[in-house]
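What follows is a set of notes on a single structure, which appears directly below.
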Amino acid sequence: AKKSVTKFNTTADSRLDKETANRAIGLNDSTFVVGTLNDGIYALSKSGSMLWHINHNNGLYNNTILGLHKDRNNNLWAALDNGIAYIRTNSKLKVYIPSKVHIGMVEDILLKNNNIYIASNQGVYLYSGNNDTLNPVDGINMQTWFIRNFDNQIISGNNAGTLFIEGNRKIDIPGASTGGTDIKPVRINNVDILLESTYTALQVYLKNKNGNWEYTHKVGNFFDLIYQIEQDHAGNIWASHMYRGIYKLTLNEQLTSVESRQFYQRLDSTTNAVKPIRVMKLRGRVIFTNGSKFYTYNDMEQKITEYRMLNEELPGLADTRDIVTINDTLFWFLRPSEYTLVSYTKSKYSIADNIPFSALTNPPNTGRGNIISDGHTSYFGLNGGVGRYEHNMSAKHNTPELRVLKMWSLNRKTSVAEIVDIEETTELRYSNNSVTVEFQYPDFTQKGIRILCFLQNYDSQWTETSENRTIEYSNLPAGNYILDAKAIDDAGSTLSDVSISFRIKKPWYKTNLALLLYIITILLLTHCGVKIYINTTLNKKRKLFEQQEKERLSKIEKQEKTIALLKAEKLEDELIFKSKELANASLMLINQEKILNTLKNEISNYIFSNKIPKTQGNTLIRMIDMNILGEDEWRVFQENFDLIHKNFFHKLTETYPSLTSSDLRMCALLRLNYSSKEIAQMLNLSPRGVEAARYRLRKKLNLSEDENLNTHIINFK
């Protein structure tokens, strides 16, 4: 059969005919994508219908498409003049940004029939699905906070007040306060009403006789800047202030005034700072948050208590400012910088999905995002557009995985970084114990992803990587390590995790051989130490023994000297005693000899004078001669005395040559410490004679009056 090329007719032909198609690619779901040089990207179905068109007006940085590529998740990558665009073709979220009308910051959205009402800071816009047009509602060109539908009546609150909207026109409400911020259907005293909060007052809407809602009056005795209102199951009205605290209000039966009020500046006693308190409903229950924790009202105890279930199951979501219910099991938590989808299954809350503002091309301002849902599709308020989230759509894409991109170690000796092969069992030298690990998490839909690391056997808590997703550990001790890493989102939920193990070898001085050498060295040192200790102890004991022996010998020597001194003293005493005996005996002999000579002379005189017979006289003389020794007794006494008293007489006569033998006798007796009376008896002198002899001796010895004669003689040497 003959093949031919025919034109592929599409609904975008009128546009494509004016542009230059530069690139084209087919996606896995039979979508045909065309890249142009001047008008961005067109997506066509296999039947030729235009599915979507993206250019500079609704998201692309540039209209010139230089290249197209699809990844394994069937997402589209486009090379532009000044960058790269990433288009999630199978995402549940689609973004609509009108190119011809700048709608501003979208605050609220309302779906009615085939139309979409958009309330923004520029006014209210109506999108008609019948003719695909977007036009502003006449007369509303100001900041609009909400747009709601009650029994087919549309009510919108703005800076100027509150009004009804019918089709494409507004209906003013005379007497309504400025700044309508929130409106909720409530039932008070068995009456269904609409209660609205404004910049100043609470306003009541009742149904008229035709069954239509109409504004009736203000609650008279309450004036404050209220941001949100909710009613609990007991009929209490909870009104949160724009900047501080929350009111618990009860209206009177006529709905004209506040019957009771209670103001909570804080939700618990542990919080000192005054923070905005937000009120919302979750599965029919009123809950509060101050940005730190969830709370609820315990009507049994009549007080606000911590909502432990939410705080434990949804940690990190307490910054929620409102909750939008999709159905009984799905809820959007509107947070300052993220839309978080929470599911309730098996009596437990968990995060099902999240859309951070950073992942949106035209994100809302912080704390200004809003959502409405019809149970199947959710619509997000964006800055200049609307996002659409299809809950029933299955997003077919592979979940990104956290991976270790690279690991290197620093050699301390060379200061050179060495790449580590993480595919094999990683073993590092101790000199390379400073390691750096770089991670990769290829998810381009979120910008708030963080990577946390925990090094087992080292870290005490999880540590966040640096901006380039690396973490460094310096000077790790030797041992086995497991590095756990996880990628988490803003809510703290783990998206993916990975672990790597490595081992740092012991340094040479901690190896088994080194340990053996240490043991041997310690044993040798211990042996030497014990030996030195023993020798030192023995030397100390020997020295102590020698000292004791020396002291003993010294003591013995001292005792011997004492004994010798005592013996000498005793001997000296004995010598003195003997000297005295010798002196006595010698003096007696001398006296006896004198007496015998005197007697012999007397006898001779008696014989000569014939007083006795000569024969008898001679006989007596012979007897006397026989008893005279014939030796010079005094000379013998002197010699013996000098022997005993170390040449006393010899030294005395040398010193005092004028001394006579009588003087020397007197000195000898004084040396022997005889008293004057004893000297008188021994020398056969009278006491006066002794004193006279002592006086003469003092003169010869040249003694002064102060000097003692006895002391001088005794101490003379």
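We name chains A, B, ... following the order of the structure tokens; residues begin at 1 in each chain, and ligands are numbered from 1 as shown.
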
Fill in: Backbone DSSP call of strand (DSSP E) for stretch 386-583 of chain A, listed as a ChimeraX atom specification
/A:386-390,403-411,416-419,426-428,434-440,450-455,463-464,470-473,479-488,494-504

Discussion item. Residues near stretch 254-257 of chain A, anyone? I mean within 12 Å using only C-alpha atoms, not counting same-chain ones fewer than 4 positions away, as a list of chain:residue names.
Written reply: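 The residues satisfying every condition are A:Val186, A:Arg187, A:Ile188, A:Asn189, A:Asn190, A:Val191, A:Asp192, A:Ile193, A:Leu194, A:Leu195, A:Ala201, A:Leu202, A:Gln203, A:Val204, A:Tyr205, A:Leu206, A:Thr216, A:His217, A:Lys218, A:Val219, A:Gly220, A:Asn221, A:Phe222, A:Phe223, A:Leu249, A:Thr250, A:Arg261.
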
Worksheet entry | Minimum-distance residue to A:Lys7, chosen among A:Pro613, A:Gly48, A:Gly385, A:Gly35 (using only C-alpha atoms) |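 Closest to A:Lys7 of all the choices is A:Gly48.
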
Worksheet entry | Between atom CA of A:Pro98 and atom CA of A:Leu76 - distance in Å to one decimal |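 Distance reported for this atom pair: 21.9 Å.
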
Worksheet entry | For atom CA of A:Ile556 and atom CA of A:Ala568, the interatomic separation in Å (one decimal) | 17.2 Å

Practice prompt. Quick one: everything within 7 Å of stretch 659-671 of chain A, counting only C-alpha atoms, minus sequence neighbours fewer than 2 positions away in the same chain. Send it as a list in words.
Written response: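 In the requested format, the answer is Thr653, Tyr656, Pro657, Asn673, Tyr674, Ile679, Leu697, Asn710, Ile713 and Ile714 of chain A.
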
Could you save the residues just selected, with C-alpha atoms, as a short mmCIF file (atom, residue, chain, number, x, y, z; two decimals), in the first residue's frame?
data_model
loop_
_atom_site.label_atom_id
_atom_site.label_comp_id
_atom_site.auth_asym_id
_atom_site.auth_seq_id
_atom_site.Cartn_x
_atom_site.Cartn_y
_atom_site.Cartn_z
CA THR A 653 106.97 26.29 140.98
CA TYR A 656 105.47 31.02 141.05
CA PRO A 657 109.20 30.37 141.88
CA ASN A 673 89.84 20.87 148.75
CA TYR A 674 90.64 20.60 152.50
CA ILE A 679 94.61 21.98 157.19
CA LEU A 697 100.07 32.52 149.64
CA ASN A 710 90.65 27.58 146.60
CA ILE A 713 94.38 26.36 143.06
CA ILE A 714 91.81 23.69 142.06
#

Discussion item. Give me, as a list of chain:residue names, all polymer residues having an atom no more than 10 Å from A:Phe380, counting only C-alpha atoms and skipping those fewer than 4 positions away in the same chain.
Written reply: A:Leu93, A:Lys94, A:Val95, A:Val106, A:Glu107, A:Asp108, A:Ile109, A:Tyr339, A:Pro363, A:Pro364, A:Gly369, A:Asn370, A:Ile371, A:Ile372, A:Ser373, A:Gly385, A:Val386, A:Gly387, A:Arg388, A:Tyr389

Discussion item. Residues near A:Thr11, anyone? I mean within 9 Å using only C-alpha atoms, not counting same-chain ones fewer than 4 positions away, as a ChimeraX atom specification.
Written reply: /A:15,44,48-50

Restricting the output to N, CA and C atoms, write the selected residues as an mmCIF file, in the first residue's frame.
data_model
loop_
_atom_site.group_PDB
_atom_site.id
_atom_site.type_symbol
_atom_site.label_atom_id
_atom_site.label_comp_id
_atom_site.auth_asym_id
_atom_site.auth_seq_id
_atom_site.Cartn_x
_atom_site.Cartn_y
_atom_site.Cartn_z
ATOM 1 N N ARG A 15 -3.836 28.914 15.938
ATOM 2 C CA ARG A 15 -2.714 29.512 16.670
ATOM 3 C C ARG A 15 -1.380 29.017 16.120
ATOM 4 N N LEU A 44 -1.424 18.599 22.803
ATOM 5 C CA LEU A 44 -2.569 18.158 22.010
ATOM 6 C C LEU A 44 -2.868 16.696 22.316
ATOM 7 N N GLY A 48 -6.569 15.493 18.555
ATOM 8 C CA GLY A 48 -6.339 16.823 18.019
ATOM 9 C C GLY A 48 -6.847 17.944 18.889
ATOM 10 N N SER A 49 -7.448 17.632 20.051
ATOM 11 C CA SER A 49 -7.931 18.684 20.943
ATOM 12 C C SER A 49 -6.753 19.288 21.702
ATOM 13 N N MET A 50 -6.802 20.621 21.864
ATOM 14 C CA MET A 50 -5.735 21.269 22.625
ATOM 15 C C MET A 50 -6.002 21.053 24.127
#

Practice prompt. For A:Phe8, list every protein, DNA or RNA residue within 10 Å, evaluated using only C-alpha atoms, and leave out those in the same chain fewer than 5 positions away; present the list as a list in words.
Written response: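 Listing them by chain and then by number gives Asp13, Lys46, Ser47 and Gly48 of chain A.
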
Non-local contacts of A:Ile326 (8 Å; only C-alpha atoms; under 3 positions in same chain excluded) as an mmCIF file with N, CA, C and O atoms, in the first residue's frame:
data_model
loop_
_atom_site.group_PDB
_atom_site.id
_atom_site.type_symbol
_atom_site.label_atom_id
_atom_site.label_comp_id
_atom_site.auth_asym_id
_atom_site.auth_seq_id
_atom_site.Cartn_x
_atom_site.Cartn_y
_atom_site.Cartn_z
ATOM 1 N N THR A 329 -13.009 12.197 55.311
ATOM 2 C CA THR A 329 -11.666 11.658 55.559
ATOM 3 C C THR A 329 -10.539 12.519 55.007
ATOM 4 O O THR A 329 -9.368 12.209 55.234
ATOM 5 N N LEU A 330 -10.852 13.581 54.262
ATOM 6 C CA LEU A 330 -9.810 14.426 53.682
ATOM 7 C C LEU A 330 -10.057 15.887 54.056
ATOM 8 O O LEU A 330 -11.194 16.369 53.993
ATOM 9 N N PHE A 331 -8.954 16.563 54.410
ATOM 10 C CA PHE A 331 -9.051 17.947 54.856
ATOM 11 C C PHE A 331 -7.812 18.707 54.386
ATOM 12 O O PHE A 331 -6.698 18.185 54.418
ATOM 13 N N TRP A 332 -8.061 19.935 53.927
ATOM 14 C CA TRP A 332 -6.935 20.810 53.614
ATOM 15 C C TRP A 332 -6.621 21.671 54.838
ATOM 16 O O TRP A 332 -7.506 22.317 55.383
ATOM 17 N N SER A 373 -13.631 23.401 47.860
ATOM 18 C CA SER A 373 -13.664 22.065 47.273
ATOM 19 C C SER A 373 -15.103 21.626 47.090
ATOM 20 O O SER A 373 -15.994 21.972 47.883
ATOM 21 N N ASP A 374 -15.354 20.859 46.017
ATOM 22 C CA ASP A 374 -16.676 20.290 45.781
ATOM 23 C C ASP A 374 -16.713 18.813 46.128
ATOM 24 O O ASP A 374 -17.653 18.097 45.789
ATOM 25 N N GLY A 375 -15.678 18.326 46.789
ATOM 26 C CA GLY A 375 -15.603 16.921 47.166
ATOM 27 C C GLY A 375 -14.760 16.098 46.233
ATOM 28 O O GLY A 375 -14.262 15.034 46.610
ATOM 29 N N HIS A 376 -14.575 16.551 45.000
ATOM 30 C CA HIS A 376 -13.746 15.838 44.023
ATOM 31 C C HIS A 376 -12.571 16.687 43.556
ATOM 32 O O HIS A 376 -11.487 16.163 43.294
ATOM 33 N N SER A 378 -10.406 20.429 44.245
ATOM 34 C CA SER A 378 -10.138 21.568 45.117
ATOM 35 C C SER A 378 -9.546 22.690 44.278
ATOM 36 O O SER A 378 -8.736 22.446 43.362
#

Worksheet item: Given the choices A:Tyr379, A:Trp408, A:Trp213, A:Tyr695, which gets closest to A:Ile116 if the distance is worked out from only C-alpha atoms?
Response: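 Among the listed residues, the smallest separation from A:Ile116 belongs to A:Tyr379.
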
Worksheet item: From the set A:Gln231, A:Asn55, A:Asn90, A:Asn468, which residue has the shortest atom-to-atom contact distance to A:Glu390, counting only C-alpha atoms?
Response: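 Result for the nearest residue to A:Glu390: A:Asn90.
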
Worksheet entry | Nearest to A:Tyr86 by atom-to-atom distance, counting only C-alpha atoms, from A:Thr340, A:Ser4, A:Asn63, A:Thr361 |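 Among A:Thr340, A:Ser4, A:Asn63, A:Thr361, it is A:Thr361 that comes nearest to A:Tyr86.
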
Fill in: Nearest candidate to A:Gly83 (options A:Gly179, A:Gly291, A:Gly316, A:Gly67; using only C-alpha atoms)
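Looking only at the distances to A:Gly83, the closest residue turns out to be A:Gly67.
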